[in-house]
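For reference, model-v4.pdb (PDB, C-alpha atoms and all ligand atoms):
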ATOM      1  CA  MET P  23     100.098  96.733 107.559
ATOM      2  CA  LYS P  24     101.699  93.359 107.885
ATOM      3  CA  PRO P  25      99.522  90.576 106.486
ATOM      4  CA  ARG P  26     101.141  88.233 108.967
ATOM      5  CA  SER P  27      99.430  89.933 111.895
ATOM      6  CA  LEU P  28      96.088  89.491 110.188
ATOM      7  CA  PHE P  29      96.017  85.797 109.348
ATOM      8  CA  PRO P  30      92.438  84.836 110.153
ATOM      9  CA  LEU P  31      92.880  81.367 108.743
ATOM     10  CA  ALA P  32      91.705  79.244 111.587
ATOM     11  CA  LEU P  33      88.288  80.823 111.571
ATOM     12  CA  SER P  34      85.148  79.451 110.018
ATOM     13  CA  LEU P  35      83.552  81.269 107.100
ATOM     14  CA  ALA P  36      80.975  82.820 109.417
ATOM     15  CA  ALA P  37      83.671  83.917 111.822
ATOM     16  CA  LEU P  38      85.662  85.271 108.899
ATOM     17  CA  THR P  39      82.687  87.318 107.809
ATOM     18  CA  SER P  40      82.349  88.871 111.245
ATOM     19  CA  PHE P  41      86.136  89.304 111.382
ATOM     20  CA  ALA P  42      85.909  91.212 108.117
ATOM     21  CA  GLN P  43      83.057  93.331 109.472
ATOM     22  CA  GLN P  44      84.840  94.176 112.722
ATOM     23  CA  ARG P  45      88.253  94.867 111.271
ATOM     24  CA  ASP P  46      89.176  98.369 110.207
ATOM     25  CA  PHE P  47      90.282  97.912 106.619
ATOM     26  CA  SER P  48      90.578 101.647 105.996
ATOM     27  CA  GLN P  49      94.276 101.582 106.914
ATOM     28  CA  VAL P  50      95.149  98.687 104.602
ATOM     29  CA  LYS P  51      97.330  99.643 101.681
ATOM     30  CA  ILE P  52      97.526  97.450  98.579
ATOM     31  CA  ASN P  53     101.142  97.018  97.433
ATOM     32  CA  VAL P  54     101.817  96.115  93.817
ATOM     33  CA  ILE P  55     104.838  93.868  93.298
ATOM     34  CA  PRO P  56     106.115  93.007  89.799
ATOM     35  CA  VAL P  57     106.654  89.239  89.504
ATOM     36  CA  ALA P  58     107.613  88.387  85.891
ATOM     37  CA  LYS P  59     106.565  89.656  82.468
ATOM     38  CA  ASN P  60     102.897  90.694  82.727
ATOM     39  CA  ILE P  61     102.304  89.061  86.122
ATOM     40  CA  TYR P  62     102.069  90.986  89.408
ATOM     41  CA  MET P  63     101.376  90.222  93.032
ATOM     42  CA  LEU P  64      99.169  92.384  95.269
ATOM     43  CA  GLU P  65      99.757  92.448  99.012
ATOM     44  CA  GLY P  66      97.122  93.880 101.320
ATOM     45  CA  SER P  67      95.305  92.022 104.066
ATOM     46  CA  GLY P  68      94.553  88.344 103.524
ATOM     47  CA  GLY P  69      95.912  86.043 100.845
ATOM     48  CA  ASN P  70      98.295  87.374  98.214
ATOM     49  CA  ILE P  71      96.630  88.191  94.900
ATOM     50  CA  GLY P  72      98.146  87.163  91.555
ATOM     51  CA  VAL P  73      97.426  89.413  88.554
ATOM     52  CA  SER P  74      97.749  88.943  84.792
ATOM     53  CA  VAL P  75      97.392  92.102  82.693
ATOM     54  CA  GLY P  76      97.548  92.408  78.914
ATOM     55  CA  GLN P  77      95.699  92.685  75.628
ATOM     56  CA  ASP P  78      92.825  90.447  76.771
ATOM     57  CA  GLY P  79      92.209  92.397  79.979
ATOM     58  CA  ILE P  80      92.809  91.473  83.595
ATOM     59  CA  LEU P  81      92.693  88.143  85.428
ATOM     60  CA  ILE P  82      93.252  87.822  89.174
ATOM     61  CA  VAL P  83      93.935  84.881  91.462
ATOM     62  CA  ASP P  84      92.083  85.362  94.802
ATOM     63  CA  ASP P  85      90.587  88.617  96.063
ATOM     64  CA  GLN P  86      91.160  89.032  99.839
ATOM     65  CA  PHE P  87      88.382  90.540 102.005
ATOM     66  CA  ALA P  88      85.152  92.145 100.749
ATOM     67  CA  PRO P  89      85.850  95.639 102.178
ATOM     68  CA  LEU P  90      89.086  95.770 100.156
ATOM     69  CA  ALA P  91      87.466  95.255  96.741
ATOM     70  CA  GLU P  92      87.541  98.947  95.831
ATOM     71  CA  LYS P  93      91.203  99.296  96.801
ATOM     72  CA  ILE P  94      92.075  96.161  94.847
ATOM     73  CA  GLU P  95      90.265  97.578  91.826
ATOM     74  CA  ALA P  96      92.168 100.859  92.160
ATOM     75  CA  ALA P  97      95.479  98.973  92.352
ATOM     76  CA  LEU P  98      94.565  96.965  89.236
ATOM     77  CA  HIS P  99      93.812 100.165  87.357
ATOM     78  CA  THR P 100      97.290 101.486  88.060
ATOM     79  CA  LEU P 101      98.535  98.468  86.079
ATOM     80  CA  ASP P 102      96.074  98.383  83.211
ATOM     81  CA  ALA P 103      92.922 100.115  82.012
ATOM     82  CA  GLY P 104      91.450  96.809  80.833
ATOM     83  CA  LYS P 105      88.409  95.025  82.203
ATOM     84  CA  LEU P 106      88.615  92.435  84.980
ATOM     85  CA  LYS P 107      87.471  89.329  83.103
ATOM     86  CA  PHE P 108      88.352  86.410  85.385
ATOM     87  CA  VAL P 109      88.755  85.703  89.098
ATOM     88  CA  LEU P 110      90.347  82.367  89.959
ATOM     89  CA  ASN P 111      89.934  81.177  93.576
ATOM     90  CA  THR P 112      92.687  78.965  94.994
ATOM     91  CA  HIS P 113      90.251  77.789  97.738
ATOM     92  CA  HIS P 114      87.139  78.897  99.645
ATOM     93  CA  HIS P 115      88.577  80.687 102.719
ATOM     94  CA  GLY P 116      87.196  84.195 103.208
ATOM     95  CA  ASP P 117      90.590  85.905 103.133
ATOM     96  CA  HIS P 118      90.923  84.653  99.521
ATOM     97  CA  THR P 119      87.322  84.950  98.245
ATOM     98  CA  GLY P 120      85.924  87.996 100.081
ATOM     99  CA  GLY P 121      85.959  90.176  96.962
ATOM    100  CA  ASN P 122      84.064  87.605  94.842
ATOM    101  CA  ALA P 123      80.622  89.164  95.340
ATOM    102  CA  THR P 124      81.806  92.595  94.187
ATOM    103  CA  PHE P 125      83.799  91.364  91.201
ATOM    104  CA  GLY P 126      81.213  88.720  90.252
ATOM    105  CA  ALA P 127      78.459  91.360  90.257
ATOM    106  CA  LYS P 128      80.572  93.515  87.950
ATOM    107  CA  GLY P 129      80.738  90.725  85.403
ATOM    108  CA  ALA P 130      83.996  88.903  86.158
ATOM    109  CA  THR P 131      83.773  85.138  85.636
ATOM    110  CA  ILE P 132      84.779  83.248  88.796
ATOM    111  CA  ILE P 133      86.483  79.874  88.331
ATOM    112  CA  ALA P 134      87.369  77.358  91.054
ATOM    113  CA  GLN P 135      87.509  73.686  91.951
ATOM    114  CA  SER P 136      84.035  72.184  92.561
ATOM    115  CA  ASN P 137      84.422  71.972  96.346
ATOM    116  CA  VAL P 138      85.039  75.732  96.541
ATOM    117  CA  ARG P 139      81.596  76.397  95.099
ATOM    118  CA  LYS P 140      80.041  73.750  97.371
ATOM    119  CA  ARG P 141      81.602  75.260 100.488
ATOM    120  CA  LEU P 142      80.770  78.860  99.566
ATOM    121  CA  ALA P 143      77.212  77.897  98.569
ATOM    122  CA  SER P 144      76.624  76.134 101.900
ATOM    123  CA  ASP P 145      77.309  79.392 103.756
ATOM    124  CA  ALA P 146      74.090  81.367 104.182
ATOM    125  CA  ASN P 147      76.096  84.617 104.062
ATOM    126  CA  SER P 148      77.375  83.963 100.529
ATOM    127  CA  LYS P 149      75.795  86.065  97.811
ATOM    128  CA  LYS P 150      74.942  84.354  94.527
ATOM    129  CA  GLU P 151      77.407  86.629  92.696
ATOM    130  CA  ALA P 152      80.228  85.353  94.930
ATOM    131  CA  LEU P 153      79.935  81.767  93.711
ATOM    132  CA  PRO P 154      82.244  80.340  91.058
ATOM    133  CA  VAL P 155      80.422  80.135  87.725
ATOM    134  CA  ILE P 156      82.820  77.640  86.172
ATOM    135  CA  THR P 157      83.925  74.679  88.279
ATOM    136  CA  PHE P 158      86.113  71.665  87.598
ATOM    137  CA  ASP P 159      87.299  68.573  89.446
ATOM    138  CA  GLN P 160      90.914  68.016  88.364
ATOM    139  CA  SER P 161      92.089  70.751  86.024
ATOM    140  CA  ALA P 162      91.075  73.640  83.820
ATOM    141  CA  SER P 163      92.888  76.119  81.588
ATOM    142  CA  VAL P 164      92.269  79.753  80.747
ATOM    143  CA  HIS P 165      93.951  80.911  77.554
ATOM    144  CA  PHE P 166      94.516  84.561  78.316
ATOM    145  CA  ASN P 167      97.008  87.339  77.614
ATOM    146  CA  GLY P 168      99.048  85.103  75.328
ATOM    147  CA  GLU P 169      99.609  82.149  77.640
ATOM    148  CA  GLU P 170      97.905  79.101  79.085
ATOM    149  CA  ILE P 171      96.955  79.635  82.722
ATOM    150  CA  LYS P 172      96.410  76.200  84.237
ATOM    151  CA  LEU P 173      94.428  75.440  87.388
ATOM    152  CA  LEU P 174      95.408  72.092  88.884
ATOM    153  CA  HIS P 175      93.737  70.376  91.813
ATOM    154  CA  HIS P 176      96.276  68.041  93.411
ATOM    155  CA  GLY P 177      93.836  66.389  95.832
ATOM    156  CA  PRO P 178      93.150  67.234  99.487
ATOM    157  CA  GLY P 179      95.771  69.523 101.037
ATOM    158  CA  HIS P 180      95.127  72.867 102.726
ATOM    159  CA  THR P 181      91.388  72.113 102.152
ATOM    160  CA  ASP P 182      89.593  69.706  99.802
ATOM    161  CA  GLY P 183      89.239  72.290  97.051
ATOM    162  CA  ASP P 184      92.672  73.822  96.465
ATOM    163  CA  SER P 185      94.043  74.752  93.091
ATOM    164  CA  VAL P 186      97.603  75.624  92.197
ATOM    165  CA  ILE P 187      97.657  78.157  89.359
ATOM    166  CA  TYR P 188     100.397  77.894  86.724
ATOM    167  CA  PHE P 189     101.149  80.868  84.473
ATOM    168  CA  THR P 190     102.929  78.691  81.950
ATOM    169  CA  GLY P 191     104.280  81.462  79.707
ATOM    170  CA  ALA P 192     105.472  83.833  82.421
ATOM    171  CA  ASN P 193     106.822  80.914  84.471
ATOM    172  CA  VAL P 194     104.997  81.904  87.647
ATOM    173  CA  VAL P 195     103.048  79.690  90.016
ATOM    174  CA  HIS P 196     100.438  80.860  92.556
ATOM    175  CA  MET P 197     100.264  78.266  95.341
ATOM    176  CA  GLY P 198      97.327  79.610  97.338
ATOM    177  CA  ASP P 199      97.573  78.385 100.924
ATOM    178  CA  GLN P 200      99.561  75.364  99.780
ATOM    179  CA  PHE P 201     102.514  77.633 100.606
ATOM    180  CA  PHE P 202     103.182  79.906 103.575
ATOM    181  CA  ASN P 203     106.570  81.396 102.801
ATOM    182  CA  GLY P 204     108.875  80.875 105.787
ATOM    183  CA  ALA P 205     106.075  79.861 108.143
ATOM    184  CA  PHE P 206     104.245  76.794 109.421
ATOM    185  CA  PRO P 207     101.061  76.403 107.350
ATOM    186  CA  PHE P 208      97.435  76.310 108.427
ATOM    187  CA  ILE P 209      95.902  73.017 107.275
ATOM    188  CA  ASP P 210      92.103  73.044 107.506
ATOM    189  CA  LEU P 211      91.416  69.469 108.589
ATOM    190  CA  ASN P 212      87.760  70.436 109.191
ATOM    191  CA  SER P 213      87.359  71.401 105.519
ATOM    192  CA  GLY P 214      88.732  68.174 104.097
ATOM    193  CA  GLY P 215      92.399  69.160 104.404
ATOM    194  CA  SER P 216      95.152  66.592 104.859
ATOM    195  CA  VAL P 217      98.700  66.916 106.218
ATOM    196  CA  GLU P 218     100.001  64.158 103.926
ATOM    197  CA  GLY P 219      98.104  65.529 100.943
ATOM    198  CA  TYR P 220      99.469  68.987 101.683
ATOM    199  CA  ILE P 221     103.050  67.727 101.523
ATOM    200  CA  LYS P 222     102.354  65.678  98.383
ATOM    201  CA  THR P 223     100.994  68.744  96.626
ATOM    202  CA  VAL P 224     104.071  70.818  97.449
ATOM    203  CA  ALA P 225     106.280  67.970  96.184
ATOM    204  CA  ALA P 226     104.234  67.697  92.981
ATOM    205  CA  VAL P 227     104.636  71.423  92.316
ATOM    206  CA  LEU P 228     108.392  71.233  92.915
ATOM    207  CA  GLU P 229     108.622  68.440  90.349
ATOM    208  CA  LYS P 230     106.727  70.457  87.785
ATOM    209  CA  ILE P 231     108.263  73.910  87.892
ATOM    210  CA  PRO P 232     111.620  75.018  86.476
ATOM    211  CA  ALA P 233     114.319  76.256  88.875
ATOM    212  CA  GLU P 234     113.929  79.881  87.798
ATOM    213  CA  ALA P 235     110.137  80.030  88.331
ATOM    214  CA  LYS P 236     108.698  82.719  90.617
ATOM    215  CA  VAL P 237     106.400  81.482  93.349
ATOM    216  CA  ILE P 238     103.495  83.460  94.838
ATOM    217  CA  PRO P 239     102.644  82.067  98.279
ATOM    218  CA  GLY P 240      99.177  82.328  99.837
ATOM    219  CA  HIS P 241     100.842  84.227 102.665
ATOM    220  CA  GLY P 242     104.294  85.734 103.015
ATOM    221  CA  LYS P 243     106.681  87.405 100.618
ATOM    222  CA  LEU P 244     107.080  86.606  96.912
ATOM    223  CA  ALA P 245     109.252  83.490  96.757
ATOM    224  CA  THR P 246     111.780  81.539  94.733
ATOM    225  CA  VAL P 247     111.834  77.814  94.069
ATOM    226  CA  ASP P 248     114.516  77.553  96.781
ATOM    227  CA  ASP P 249     112.114  79.085  99.323
ATOM    228  CA  LEU P 250     109.521  76.480  98.340
ATOM    229  CA  LYS P 251     112.176  73.767  98.709
ATOM    230  CA  SER P 252     113.001  74.820 102.271
ATOM    231  CA  PHE P 253     109.280  74.930 103.080
ATOM    232  CA  HIS P 254     108.983  71.383 101.722
ATOM    233  CA  ALA P 255     112.019  70.249 103.736
ATOM    234  CA  MET P 256     110.421  71.702 106.877
ATOM    235  CA  LEU P 257     107.156  69.866 106.179
ATOM    236  CA  VAL P 258     108.899  66.541 105.588
ATOM    237  CA  GLU P 259     111.301  66.782 108.545
ATOM    238  CA  THR P 260     108.854  68.056 111.145
ATOM    239  CA  THR P 261     106.127  65.566 110.220
ATOM    240  CA  SER P 262     108.420  62.534 110.094
ATOM    241  CA  LEU P 263     109.963  63.518 113.429
ATOM    242  CA  LEU P 264     106.558  63.860 115.085
ATOM    243  CA  LYS P 265     105.096  60.750 113.476
ATOM    244  CA  LYS P 266     107.945  58.741 114.927
ATOM    245  CA  SER P 267     107.181  60.083 118.404
ATOM    246  CA  ILE P 268     103.450  59.428 117.918
ATOM    247  CA  ALA P 269     104.255  55.831 116.901
ATOM    248  CA  ASP P 270     106.317  55.586 120.096
ATOM    249  CA  GLY P 271     103.147  56.380 122.023
ATOM    250  CA  LYS P 272     103.914  59.986 122.979
ATOM    251  CA  SER P 273     100.942  62.170 123.914
ATOM    252  CA  LEU P 274     100.187  65.548 122.374
ATOM    253  CA  ALA P 275     101.281  67.237 125.593
ATOM    254  CA  GLU P 276     104.607  65.379 125.453
ATOM    255  CA  LEU P 277     105.112  66.353 121.809
ATOM    256  CA  LYS P 278     104.479  70.010 122.630
ATOM    257  CA  ALA P 279     106.836  69.861 125.608
ATOM    258  CA  ALA P 280     109.585  68.382 123.409
ATOM    259  CA  GLY P 281     108.992  71.007 120.695
ATOM    260  CA  LEU P 282     110.743  71.048 117.313
ATOM    261  CA  PRO P 283     114.417  71.470 116.383
ATOM    262  CA  GLU P 284     115.870  74.961 116.738
ATOM    263  CA  LYS P 285     116.308  75.371 112.968
ATOM    264  CA  TRP P 286     112.529  75.545 112.432
ATOM    265  CA  GLN P 287     111.941  78.085 115.182
ATOM    266  CA  SER P 288     111.506  81.054 112.843
ATOM    267  CA  PHE P 289     108.667  79.169 111.081
ATOM    268  CA  GLY P 290     106.644  79.421 114.293
ATOM    269  CA  THR P 291     106.678  83.209 114.550
ATOM    270  CA  GLY P 292     103.760  83.719 112.132
ATOM    271  CA  PHE P 293     100.066  82.978 112.537
ATOM    272  CA  ILE P 294     100.636  79.276 113.178
ATOM    273  CA  LYS P 295     102.865  78.932 116.250
ATOM    274  CA  THR P 296     104.980  75.818 116.848
ATOM    275  CA  ASP P 297     102.413  74.313 119.272
ATOM    276  CA  ARG P 298      99.641  74.738 116.741
ATOM    277  CA  TRP P 299     101.706  73.071 114.008
ATOM    278  CA  ILE P 300     102.469  70.139 116.302
ATOM    279  CA  GLU P 301      98.744  69.888 117.058
ATOM    280  CA  THR P 302      97.882  69.871 113.335
ATOM    281  CA  ILE P 303     100.291  67.019 112.606
ATOM    282  CA  TYR P 304      99.051  65.118 115.662
ATOM    283  CA  ASN P 305      95.371  65.575 114.761
ATOM    284  CA  GLY P 306      96.120  64.649 111.133
ATOM    285  CA  ALA P 307      97.812  61.450 112.272
ATOM    286  CA  MET P 308      94.948  60.585 114.652
ATOM    287  CA  LYS P 309      92.338  61.173 111.951
ATOM    288  CA  LYS P 310      93.525  58.262 109.803
TER     289      LYS P 310
HETATM  290 ZN    ZN V   1      93.260  79.290 103.453
END

Starting from the file, give its structure as structure tokens.
Amino acid sequence: MKPRSLFPLALSLAALTSFAQQRDFSQVKINVIPVAKNIYMLEGSGGNIGVSVGQDGILIVDDQFAPLAEKIEAALHTLDAGKLKFVLNTHHHGDHTGGNATFGAKGATIIAQSNVRKRLASDANSKKEALPVITFDQSASVHFNGEEIKLLHHGPGHTDGDSVIYFTGANVVHMGDQFFNGAFPFIDLNSGGSVEGYIKTVAAVLEKIPAEAKVIPGHGKLATVDDLKSFHAMLVETTSLLKKSIADGKSLAELKAAGLPEKWQSFGTGFIKTDRWIETIYNGAMKK
């Protein structure tokens, strides 16, 4: 099943919960993709999962939807017999944290930026076991399976609680929803997200990582640094183009009618269509 057809990103947590309840997850298959060294990516439905396996056990980044927890566990066991010790959440959205309650109850330690816990805790549907146990404001590190795994909060972006996860030894970065490979991103302005912050974060990651790093996007296929560069170029070009038109006094309807240059057309074939991306930039600009 294509994750692209299932992007439920624009929905609130409550809506996500009912989305997860209504959806038939029985057909979802979890694909295991080798990334580098002891790091893997799992594709299923919802955000891509990053996995570290080794002598210390298993650590995962994000855990998709609650009904998929068993399938995720089965996929992890094909990689390693070790215990799932840590779950890192890149942000609070339900397609990235749905498995928390199951894995938390089984003893995995959940780690996330402080605002992730706040947002999950404010949802009456969240179970106690689903909440991050360790939180941080700017950065944290987990020393695991022979490398330092860094969680860095770059400020408001996709939401106000995003972390980018750096597997410093394996040279892999998990971007969470700070990266939609080949597609316009969803930016959750209602959860403290920021269009400018989003672009700054992508730029900061590009400055940090070596050219041969592997990049796990929140959504889309496993990526290279070049893929992240073209995503960044799209963000910069489309926003500066639209901001110029907004400064010229153009209305949202006029911006949508004018559209975006042909070369970015393929970016609008995913969950976030071109009109929606234009709306996000417009609303972001009006919010300031
Ligand atoms: Zn998200």

Quiz item: Once the PyMOL selection byres (((chain P and resi 202) around 7) and not hetatm) has been applied to the shown file, what residues remain in the selection, as a ChimeraX atom specification?
Solution: /P:199-201,203-207,239-242

Quiz item: Counting all atoms listed in the file, which residues come within 10 Å of (107.3, 68.4, 103.4), with the point read in the file's coordinates, and could you list them as a VMD selection string?
Solution: chain P and resid 217 to 225 250 to 262

Self-check item: One-decimal distance in Å that lies between atom CA of P:Ile231 and atom CA of P:Asp184
Solution: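 Interatomic distance, atom CA of P:Asp184 to atom CA of P:Ile231: 17.8 Å.
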
Quiz item: Once the PyMOL selection byres (((chain P and resi 59-64) around 9) and not hetatm) has been applied to the shown file, what residues remain in the selection, as a list in words?
Solution: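 On this input, the PyMOL selection byres (((chain P and resi 59-64) around 9) and not hetatm) captures Ile52, Asn53, Val54, Ile55, Pro56, Val57, Ala58, Glu65, Gly66, Asn70, Ile71, Gly72, Val73, Ser74, Val75, Gly76, Ile94, Ala97, Leu98, Leu101, Asn167, Phe189, Gly191, Ala192, Asn193, Val194, Ile238 and Leu244 of chain P.
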
Practice problem: Find the spatial neighbours of P:Thr246, counting all atoms listed in the file, within a cut-off of 8 Å - ignore same-chain residues fewer than 4 positions away - and output them as JSON, numbers by chain. | Solution: {"P": [234, 235, 236, 237, 250]}

Practice problem: Give as a count of residues only the residues surrounding ligand ZN 1 (chain V) up to a distance of 8 Å, considering only C-alpha atoms and all ligand atoms. | Solution: 16

Quiz prompt | Pick from P:Pro89, P:Gln77, P:Glu276, P:Ile82, whichever lies nearest to P:Ala103 using all atoms listed in the file | solution =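 So, comparing all the options, the nearest one is P:Gln77.
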
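Those residues that approach P:Lys172 to within 7 Å, counting all atoms listed in the file, are P:Ala162, P:Ser163, P:Val164, P:Ile187, P:Tyr188, P:Phe189; same-chain residues fewer than 4 positions away are not listed.
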
Quiz item: Just how far from atom CA of P:Gly214 is atom CA of P:Met308, in Å to one decimal?
Solution: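 Those two atoms sit 14.4 Å apart.
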
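Taking atom CA of P:His196 as the reference point, atom CA of P:Val83 is found at 7.7 Å.
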
Practice problem: Name the residues captured by the PyMOL selection byres (((chain P and resi 291-300) around 9) and not hetatm) when it is applied to the shown file; answer as JSON, numbers by chain. | Solution: {"P": [26, 27, 28, 29, 30, 31, 204, 205, 206, 207, 208, 209, 260, 261, 264, 274, 277, 278, 279, 281, 282, 286, 287, 288, 289, 290, 301, 302, 303, 304, 305]}

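Each of P:Ala88, P:Ala245, P:Ala96, P:Ala307 was compared to P:Lys266 using all atoms listed in the file, and P:Ala307 turns out to be the nearest.
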
Assuming 6 Å of padding per side, give the centre and edge lengths of the axis-aligned box around every listed atom of stretch 217-221 of chain P, in Å to one decimal and as AutoDock Vina command-line options.
--center_x 100.6 --center_y 66.6 --center_z 103.6 --size_x 16.9 --size_y 16.8 --size_z 17.3

Self-check item: Expected answer as an NGL selection string: all residues with atoms within 9 Å of (79.7, 86.6, 85.0), all atoms listed in the file
Solution: :P and (107-108 or 125-132 or 151 or 155)

Exercise. Using all atoms listed in the file, pick whichever of P:Gly179, P:Lys265, P:Lys105, P:Val50 has the shortest atom-to-atom distance to P:Ala226.
Key: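 Between P:Gly179, P:Lys265, P:Lys105, P:Val50, the residue approaching P:Ala226 most closely is P:Gly179.
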
Quiz item: Which residues, written as JSON, numbers by chain, have at least one atom at most 9 Å from P:Val227, with only C-alpha atoms counted and residues fewer than 6 positions away on the same chain left out?
Solution: {"P": [186, 195, 197]}

Quiz prompt | Nearest to P:Ala91, chosen from P:Thr119, P:Thr112, P:Ser213, P:Thr124, with only C-alpha atoms counted in the distances | solution =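 Among P:Thr119, P:Thr112, P:Ser213, P:Thr124, it is P:Thr124 that comes nearest to P:Ala91.
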
Self-check item: Of the listed residues P:Leu228, P:Ile171, P:Leu211, P:Ala280, that which approaches P:Ser267 most closely, counting only C-alpha atoms
Solution: P:Ala280
